[in-house]
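Trainee: This is the content of target_34.txt (compact mmCIF, C-alpha atoms):
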```txt
# COMPACT_ATOMS: atom_id res chain seq x y z
CA MET A 1 142.94 149.23 115.67
CA SER A 2 142.50 151.84 118.33
CA THR A 3 140.60 155.03 117.69
CA ALA A 4 143.87 156.92 117.79
CA THR A 5 144.81 155.23 114.56
CA GLU A 6 141.71 156.40 112.78
CA THR A 7 142.83 159.97 112.32
CA VAL A 8 141.85 161.71 109.15
CA THR A 9 144.38 162.21 106.37
CA HIS A 10 146.74 165.16 106.86
CA GLU A 11 145.88 165.40 110.53
CA SER A 12 148.88 165.97 112.74
CA THR A 13 149.80 163.76 115.64
CA GLU A 14 150.84 164.71 119.12
CA HIS A 15 154.37 165.29 117.82
CA GLY A 16 153.11 167.75 115.23
CA GLU A 17 154.28 165.68 112.25
CA SER A 18 152.10 164.43 109.45
CA HIS A 19 152.06 160.64 109.13
CA GLY A 20 149.69 160.36 106.19
CA ALA A 21 146.56 158.27 106.12
CA SER A 22 144.84 156.25 108.84
CA ASP A 23 145.21 152.47 109.17
CA LYS A 24 141.77 151.95 107.60
CA GLN A 25 142.75 154.09 104.65
CA TYR A 26 145.97 152.08 104.23
CA ILE A 27 143.93 148.88 104.08
CA VAL A 28 141.63 150.39 101.43
CA ILE A 29 144.70 151.48 99.42
CA ALA A 30 146.12 147.93 99.68
CA LEU A 31 142.81 146.52 98.41
CA ILE A 32 142.94 148.91 95.44
CA LEU A 33 146.52 147.74 94.73
CA ALA A 34 145.37 144.10 94.94
CA VAL A 35 142.57 144.76 92.42
CA LEU A 36 145.01 146.52 90.05
CA THR A 37 147.39 143.53 90.35
CA ALA A 38 144.51 141.16 89.54
CA ILE A 39 143.75 143.19 86.39
CA GLU A 40 147.45 143.02 85.46
CA VAL A 41 147.49 139.25 85.86
CA SER A 42 144.26 138.95 83.85
CA THR A 43 146.17 140.23 80.79
CA TYR A 44 147.97 136.88 80.82
CA TYR A 45 144.69 134.98 80.45
CA VAL A 46 142.52 137.41 78.47
CA ASP A 47 143.42 138.83 75.07
CA PHE A 48 143.50 142.62 75.42
CA GLY A 49 144.50 143.07 71.77
CA PRO A 50 146.10 146.47 71.04
CA LEU A 51 145.29 147.57 74.60
CA PHE A 52 147.64 144.96 76.09
CA LEU A 53 150.78 147.12 76.45
CA PRO A 54 149.00 150.41 77.30
CA THR A 55 146.95 148.64 79.98
CA LEU A 56 150.04 147.11 81.59
CA PHE A 57 152.01 150.35 81.49
CA VAL A 58 149.16 152.42 82.95
CA LEU A 59 148.55 149.88 85.74
CA MET A 60 152.28 149.71 86.54
CA ILE A 61 152.57 153.50 86.77
CA VAL A 62 149.37 153.85 88.83
CA LYS A 63 150.54 151.17 91.32
CA PHE A 64 153.99 152.77 91.52
CA VAL A 65 152.57 156.24 92.22
CA ILE A 66 150.06 154.92 94.80
CA VAL A 67 152.78 153.15 96.81
CA VAL A 68 155.16 156.12 96.61
CA SER A 69 152.49 158.71 97.42
CA TYR A 70 150.62 156.94 100.22
CA PHE A 71 152.74 154.14 101.68
CA MET A 72 155.96 156.16 101.38
CA HIS A 73 154.10 159.33 102.43
CA LEU A 74 155.52 161.51 99.64
CA LYS A 75 152.06 163.02 99.14
CA PHE A 76 152.07 164.28 102.72
CA ASP A 77 155.78 165.00 103.26
CA ASN A 78 157.90 168.00 102.38
CA LYS A 79 158.16 168.53 98.61
CA LEU A 80 161.97 168.38 98.78
CA PHE A 81 161.76 164.59 99.30
CA SER A 82 159.60 164.31 96.16
CA TYR A 83 162.06 166.40 94.15
CA LEU A 84 164.99 164.23 95.29
CA PHE A 85 163.31 160.93 94.50
CA TYR A 86 161.61 161.89 91.25
CA SER A 87 164.83 163.58 90.03
CA GLY A 88 166.64 160.26 90.39
CA LEU A 89 163.75 158.40 88.78
CA ILE A 90 163.41 160.77 85.83
CA LEU A 91 167.19 160.80 85.32
CA ALA A 92 167.25 156.99 85.35
CA VAL A 93 164.34 156.67 82.89
CA SER A 94 165.83 159.32 80.56
CA VAL A 95 169.33 157.80 80.58
CA TYR A 96 168.19 154.25 79.98
CA VAL A 97 165.49 155.06 77.41
CA GLY A 98 168.25 156.96 75.59
CA ALA A 99 170.62 154.02 75.95
CA LEU A 100 167.99 151.58 74.66
CA ALA A 101 167.25 153.91 71.75
CA THR A 102 170.92 153.87 70.70
CA PHE A 103 170.62 150.08 70.41
CA LYS A 104 167.47 150.55 68.28
CA PHE A 105 165.48 148.68 70.92
CA PHE A 106 162.24 150.52 70.14
CA LEU A 107 162.48 149.78 66.42
CA SER A 108 162.72 146.01 66.84
CA MET B 1 150.74 171.14 105.19
CA ALA B 2 154.26 169.86 104.91
CA ASP B 3 155.59 173.23 106.02
CA THR B 4 153.36 173.07 109.07
CA ALA B 5 154.60 169.60 109.87
CA VAL B 6 158.20 170.70 109.59
CA ALA B 7 157.61 173.74 111.73
CA HIS B 8 155.96 171.61 114.42
CA GLY B 9 158.79 169.13 114.20
CA ALA B 10 161.28 171.89 114.75
CA ASP B 11 159.28 173.17 117.71
CA HIS B 12 159.75 169.81 119.36
CA GLY B 13 163.46 169.88 118.66
CA ALA B 14 163.15 166.96 116.27
CA HIS B 15 165.17 168.31 113.35
CA HIS B 16 167.76 170.99 114.12
CA THR B 17 169.09 171.10 110.58
CA SER B 18 169.63 173.83 108.01
CA THR B 19 166.65 172.53 106.01
CA GLY B 20 164.43 171.93 109.02
CA LEU B 21 164.08 168.36 107.78
CA SER B 22 165.53 165.15 109.13
CA ASN B 23 168.95 164.54 107.57
CA ASN B 24 168.36 160.79 107.94
CA LYS B 25 165.22 161.02 105.87
CA LEU B 26 166.85 163.33 103.35
CA GLY B 27 169.75 160.87 103.00
CA MET B 28 167.37 157.95 102.58
CA TRP B 29 165.46 159.67 99.77
CA ILE B 30 168.74 160.56 97.99
CA PHE B 31 169.81 156.92 98.36
CA LEU B 32 166.49 155.69 96.93
CA GLY B 33 166.80 158.15 94.03
CA SER B 34 170.25 156.72 93.27
CA GLU B 35 168.87 153.18 93.52
CA CYS B 36 166.55 154.07 90.62
CA LEU B 37 169.69 154.39 88.49
CA LEU B 38 170.98 150.99 89.62
CA PHE B 39 167.75 149.14 88.88
CA GLY B 40 167.18 151.21 85.73
CA GLY B 41 170.49 149.89 84.41
CA LEU B 42 169.66 146.30 85.29
CA ILE B 43 166.15 146.49 83.84
CA SER B 44 167.27 148.10 80.57
CA THR B 45 170.06 145.51 80.23
CA TYR B 46 167.45 142.77 80.61
CA MET B 47 165.17 144.46 78.06
CA LEU B 48 168.08 144.55 75.61
CA TYR B 49 169.08 140.92 76.13
CA LYS B 50 165.80 139.10 76.73
CA GLY B 51 165.60 138.12 73.08
CA ARG B 52 169.21 136.84 73.00
CA VAL B 53 168.43 133.29 74.01
CA GLY B 54 170.77 131.10 71.96
CA GLU B 55 170.32 127.47 72.99
CA GLY B 56 168.51 127.90 76.28
CA PRO B 57 164.77 128.21 76.95
CA GLN B 58 162.81 131.30 75.90
CA PRO B 59 161.36 133.58 78.59
CA ASP B 60 157.75 132.64 77.79
CA GLN B 61 158.67 128.94 77.93
CA ILE B 62 159.83 128.99 81.55
CA TYR B 63 157.98 131.82 83.29
CA ASP B 64 155.31 130.60 85.67
CA ILE B 65 152.99 133.61 85.74
CA PRO B 66 150.44 132.24 88.28
CA PHE B 67 153.27 131.46 90.74
CA THR B 68 154.99 134.83 90.25
CA SER B 69 151.63 136.59 90.57
CA VAL B 70 151.17 135.09 94.03
CA SER B 71 154.73 136.13 94.98
CA SER B 72 154.03 139.66 93.74
CA PHE B 73 150.83 139.79 95.76
CA VAL B 74 152.70 138.65 98.89
CA LEU B 75 155.32 141.40 98.45
CA LEU B 76 152.59 143.99 97.78
CA MET B 77 150.80 143.03 100.99
CA SER B 78 154.08 143.30 102.90
CA SER B 79 154.01 147.00 102.03
CA LEU B 80 150.66 147.23 103.83
CA THR B 81 152.00 145.52 106.96
CA MET B 82 155.09 147.76 106.83
CA VAL B 83 153.04 150.93 106.70
CA LEU B 84 150.94 149.61 109.61
CA ALA B 85 154.21 149.13 111.56
CA VAL B 86 155.22 152.73 110.80
CA SER B 87 151.77 153.90 111.89
CA ALA B 88 152.04 151.94 115.16
CA ALA B 89 155.55 153.33 115.76
CA HIS B 90 154.23 156.89 115.44
CA ARG B 91 151.67 156.04 118.14
CA ASN B 92 154.48 154.67 120.35
CA ASP B 93 152.68 151.31 120.23
CA ASP B 94 155.70 148.97 120.55
CA ARG B 95 153.61 145.80 120.64
CA ASN B 96 151.90 146.44 117.29
CA THR B 97 155.08 147.89 115.79
CA ASN B 98 156.89 144.62 116.49
CA LEU B 99 153.92 142.56 115.36
CA TRP B 100 153.67 144.26 111.96
CA LEU B 101 157.46 144.34 111.48
CA THR B 102 157.56 140.58 112.11
CA VAL B 103 154.67 139.94 109.71
CA THR B 104 156.44 142.07 107.08
CA ALA B 105 159.64 140.05 107.53
CA ILE B 106 157.70 136.78 107.20
CA LEU B 107 156.00 137.98 104.00
CA GLY B 108 159.40 139.10 102.68
CA ALA B 109 160.90 135.73 103.52
CA THR B 110 157.99 134.04 101.71
CA PHE B 111 158.78 136.11 98.62
CA VAL B 112 162.50 135.27 98.76
CA GLY B 113 161.63 131.58 99.29
CA GLY B 114 159.47 131.75 96.17
CA GLN B 115 162.33 133.31 94.26
CA VAL B 116 164.74 130.56 95.35
CA TYR B 117 162.16 127.96 94.23
CA GLU B 118 161.75 129.77 90.90
CA PHE B 119 165.52 129.94 90.30
CA THR B 120 165.86 126.24 91.11
CA ALA B 121 163.02 125.33 88.73
CA PHE B 122 164.51 127.46 85.94
CA TYR B 123 167.94 125.89 86.44
CA ARG B 124 166.43 122.41 86.16
CA GLU B 125 164.70 123.47 82.95
CA GLY B 126 168.07 124.40 81.47
CA LEU B 127 168.45 128.10 82.22
CA GLY B 128 171.78 128.58 83.99
CA PHE B 129 173.48 131.90 84.70
CA THR B 130 175.76 131.52 81.66
CA THR B 131 173.35 129.66 79.37
CA SER B 132 172.43 132.80 77.43
CA LEU B 133 172.42 136.58 77.65
CA PHE B 134 168.77 136.31 78.62
CA GLY B 135 169.65 134.01 81.54
CA SER B 136 172.52 136.21 82.74
CA SER B 137 170.49 139.42 82.65
CA PHE B 138 167.43 137.75 84.20
CA TYR B 139 169.33 136.23 87.15
CA THR B 140 171.33 139.44 87.68
CA LEU B 141 168.22 141.65 87.75
CA THR B 142 165.98 139.44 89.89
CA GLY B 143 168.94 138.31 92.01
CA PHE B 144 169.85 141.91 92.85
CA HIS B 145 166.24 142.53 93.81
CA GLY B 146 166.21 139.37 95.93
CA VAL B 147 169.35 140.53 97.75
CA HIS B 148 167.65 143.85 98.46
CA VAL B 149 164.63 142.03 99.93
CA THR B 150 166.96 139.83 102.01
CA VAL B 151 168.80 142.89 103.36
CA GLY B 152 165.40 144.38 104.17
CA ILE B 153 164.41 141.26 106.12
CA ILE B 154 167.66 141.41 108.12
CA MET B 155 167.01 145.08 108.90
CA LEU B 156 163.42 144.30 109.93
CA MET B 157 164.47 141.53 112.30
CA ALA B 158 167.24 143.71 113.78
CA LEU B 159 164.67 146.46 114.25
CA VAL B 160 162.30 144.08 116.06
CA GLY B 161 165.10 143.20 118.48
CA MET B 162 166.05 146.84 119.00
CA VAL B 163 162.45 147.94 119.61
CA ARG B 164 161.97 145.07 122.07
CA ARG B 165 165.11 146.04 124.02
CA ASN B 166 164.38 149.76 123.62
CA ARG B 167 167.83 150.29 122.11
CA ILE B 168 167.00 152.58 119.23
CA PRO B 169 169.00 155.79 119.43
CA GLY B 170 166.99 158.93 118.59
CA SER B 171 163.45 158.79 117.29
CA LYS B 172 162.05 155.27 117.22
CA ALA B 173 159.28 156.25 114.80
CA GLU B 174 161.75 157.80 112.37
CA THR B 175 163.96 154.71 112.43
CA VAL B 176 160.99 152.48 111.62
CA GLU B 177 159.97 154.93 108.89
CA MET B 178 163.48 154.78 107.33
CA ILE B 179 163.37 150.98 107.11
CA GLY B 180 159.82 151.32 105.80
CA LEU B 181 160.94 153.61 102.97
CA TYR B 182 163.57 151.06 101.94
CA TRP B 183 161.01 148.26 102.07
CA HIS B 184 158.45 150.13 99.99
CA PHE B 185 161.15 150.95 97.45
CA VAL B 186 161.91 147.25 97.08
CA ASP B 187 158.19 146.75 96.49
CA ILE B 188 157.91 149.43 93.78
CA VAL B 189 160.94 148.02 91.99
CA TRP B 190 159.14 144.66 91.89
CA ILE B 191 156.00 146.34 90.53
CA VAL B 192 158.13 147.44 87.56
CA ILE B 193 159.98 144.11 87.22
CA PHE B 194 156.74 142.09 87.37
CA THR B 195 155.29 144.05 84.46
CA LEU B 196 158.36 144.52 82.26
CA VAL B 197 160.00 141.14 82.83
CA TYR B 198 157.17 138.69 83.46
CA LEU B 199 153.95 140.02 81.96
CA ILE B 200 155.36 141.46 78.72
CA PRO B 201 156.61 138.53 76.62
CA ALA B 202 159.88 138.66 74.73
```
Written as structure tokens, how would this file's structure read?
Mentor:
Amino acid sequence: MSTATETVTHESTEHGESHGASDKQYIVIALILAVLTAIEVSTYYVDFGPLFLPTLFVLMIVKFVIVVSYFMHLKFDNKLFSYLFYSGLILAVSVYVGALATFKFFLS
Amino acid sequence: MADTAVAHGADHGAHHTSTGLSNNKLGMWIFLGSECLLFGGLISTYMLYKGRVGEGPQPDQIYDIPFTSVSSFVLLMSSLTMVLAVSAAHRNDDRNTNLWLTVTAILGATFVGGQVYEFTAFYREGLGFTTSLFGSSFYTLTGFHGVHVTVGIIMLMALVGMVRRNRIPGSKAETVEMIGLYWHFVDIVWIVIFTLVYLIPA
């Protein structure tokens, strides 16, 4: 990649808009995501015991937040975008956890 | 930081809106927030019905975790190539923008191809759409996601053609970024599906 791509995080471009991390940083983030996915897949082969579900949930949430924050630039963009997206997400999780609870899903 | 970016954007006449933000981007984030409700409904329906197998095969009898893991990795890496396309678009580097958009579309097509193969294999093993509630909810959830990926591929290929012919109205970088947001959303939905549907047994 050209040197122009290797700008530091948060640095503005010639248009004065923040575009997040540099290309090298994106590649490092992708490698981290790949490692987290490998750990997820390892739960299929290795017995994690009582840590099985917590491990999978934590890895899922961490991967989700990394992609949203860095690849989708929410970490660097105006907070209004974060409020809009996370409002929809929190509403969806609340509604459907409630719906599943009415079917006694968490008791089975 | 974000305020500074917005102020600069306004200085360049990029976003003459009441919020100072791009209405396109605002609309896209509202759309993605609403998509959370769509996929939330499909995922919770699957969670409710995955144990309702009846005569057909059980989830853990047909899932091919190594195969799906590779598919998941391919889709995850397509998010990297997409963000590299967005980065190139912000540098006005049309050549690399088109290169990374094309690679993203190819990776997406690989994922969809894998899904078609998986559906075919499951059908041959006795899991049809109406075999059981598990089958119906599984095909509906993963099928909806597959359609989203397919729509994304079509948008990517259209974008490649538009960038090549320089026919994008308004900001080229913002248009690529909009498609990128959609693509990354499809990826994060799969992150959730991969864990809740495939890795956690019934």
Trainee: Kindly give the distance, in Å, that separates CA of Leu91 (chain A) and CA of Leu37 (chain B), rounded to a single decimal.
Mentor: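 Straight-line distance from CA of Leu91 (chain A) to CA of Leu37 (chain B) works out to 7.6 Å.
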Trainee: Have a look at B:Val83, B:Met47, B:Leu32, B:Leu21 and name the one nearest to Ala173 (chain B); count only C-alpha atoms.
Mentor: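 With only C-alpha atoms as the atom set, the closest residue is B:Val83.
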Trainee: Report, in Å to a single decimal, how far apart CA of Phe64 (chain A) and CA of Val192 (chain B) are.
Mentor: 7.8 Å
Trainee: CA of Thr142 (chain B) and CA of Val103 (chain B) are how many Å apart?
Mentor: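 For CA of Thr142 (chain B) relative to CA of Val103 (chain B), the distance reads 22.8 Å.
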Trainee: Under the rule that all atoms listed in the file are counted, which of B:Tyr139, B:Tyr123, B:Phe73, B:Phe111 is the nearest residue to Glu40 (chain A)?
Mentor: B:Phe73
Trainee: Excluding Met162 (chain B) and its own-chain neighbours fewer than 3 positions away, which residues fall within 12 Å of it when counting all atoms listed in the file? Please give them as a VMD selection string.
Mentor: chain B and resid 94 97 to 98 101 155 to 159 165 to 169 172 175 to 176
Trainee: Which one is closest to chain A: B:Val149, B:Met28, B:Val186, B:Leu181? Count only C-alpha atoms.
Mentor: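 Among B:Val149, B:Met28, B:Val186, B:Leu181, it is B:Leu181 that comes nearest to chain A.
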Trainee: Given all atoms listed in the file as the basis, pick out the residue of B:Val112, B:Val70, B:Leu42, B:Val160 nearest to Trp100 (chain B).
Mentor: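 Among the listed residues, B:Val160 lies closest to Trp100 (chain B).
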Trainee: Between A:Gln25, A:Ser69, A:Thr55, A:Asn78, which residue has the minimum interatomic distance to chain B, considering all atoms listed in the file?
Mentor: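 Ranking A:Gln25, A:Ser69, A:Thr55, A:Asn78 by distance to chain B, first place goes to A:Asn78.
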Trainee: Please return the centre and edge lengths, in Å to one decimal, of a box with edges along x, y and z that contains all listed atoms of region 56-74 of chain A, widened by 3 Å on every side, as JSON.
Mentor:
```
{"center_x": 152.3, "center_y": 154.3, "center_z": 92.0, "size_x": 13.4, "size_y": 20.4, "size_z": 26.9}
```
Trainee: Looking at all atoms listed in the file, which of B:Phe119, B:Leu199, B:Thr110, B:Thr140 is the one that sits closest to Ser42 (chain A)?
Mentor: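 Comparing B:Phe119, B:Leu199, B:Thr110, B:Thr140 against Ser42 (chain A), the winner is B:Leu199.
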Trainee: Give me the residues within 10 Å of Ile200 (chain B) as an NGL selection string, counting all atoms listed in the file and dropping any in the same chain fewer than 6 places off.
Mentor: (:A and (43-44 or 52-53 or 56-57)) or (:B and (59-60 or 194))
Trainee: With C-alpha atoms retained, could you export that selection as a PDB file, keeping the file's coordinate frame?
Mentor:
```pdb
ATOM      1  CA  THR A  43     146.170 140.230  80.790  1.00  0.00           C
ATOM      2  CA  TYR A  44     147.970 136.880  80.820  1.00  0.00           C
ATOM      3  CA  PHE A  52     147.640 144.960  76.090  1.00  0.00           C
ATOM      4  CA  LEU A  53     150.780 147.120  76.450  1.00  0.00           C
ATOM      5  CA  LEU A  56     150.040 147.110  81.590  1.00  0.00           C
ATOM      6  CA  PHE A  57     152.010 150.350  81.490  1.00  0.00           C
TER       7      PHE A  57
ATOM      8  CA  PRO B  59     161.360 133.580  78.590  1.00  0.00           C
ATOM      9  CA  ASP B  60     157.750 132.640  77.790  1.00  0.00           C
ATOM     10  CA  PHE B 194     156.740 142.090  87.370  1.00  0.00           C
TER      11      PHE B 194
END
```
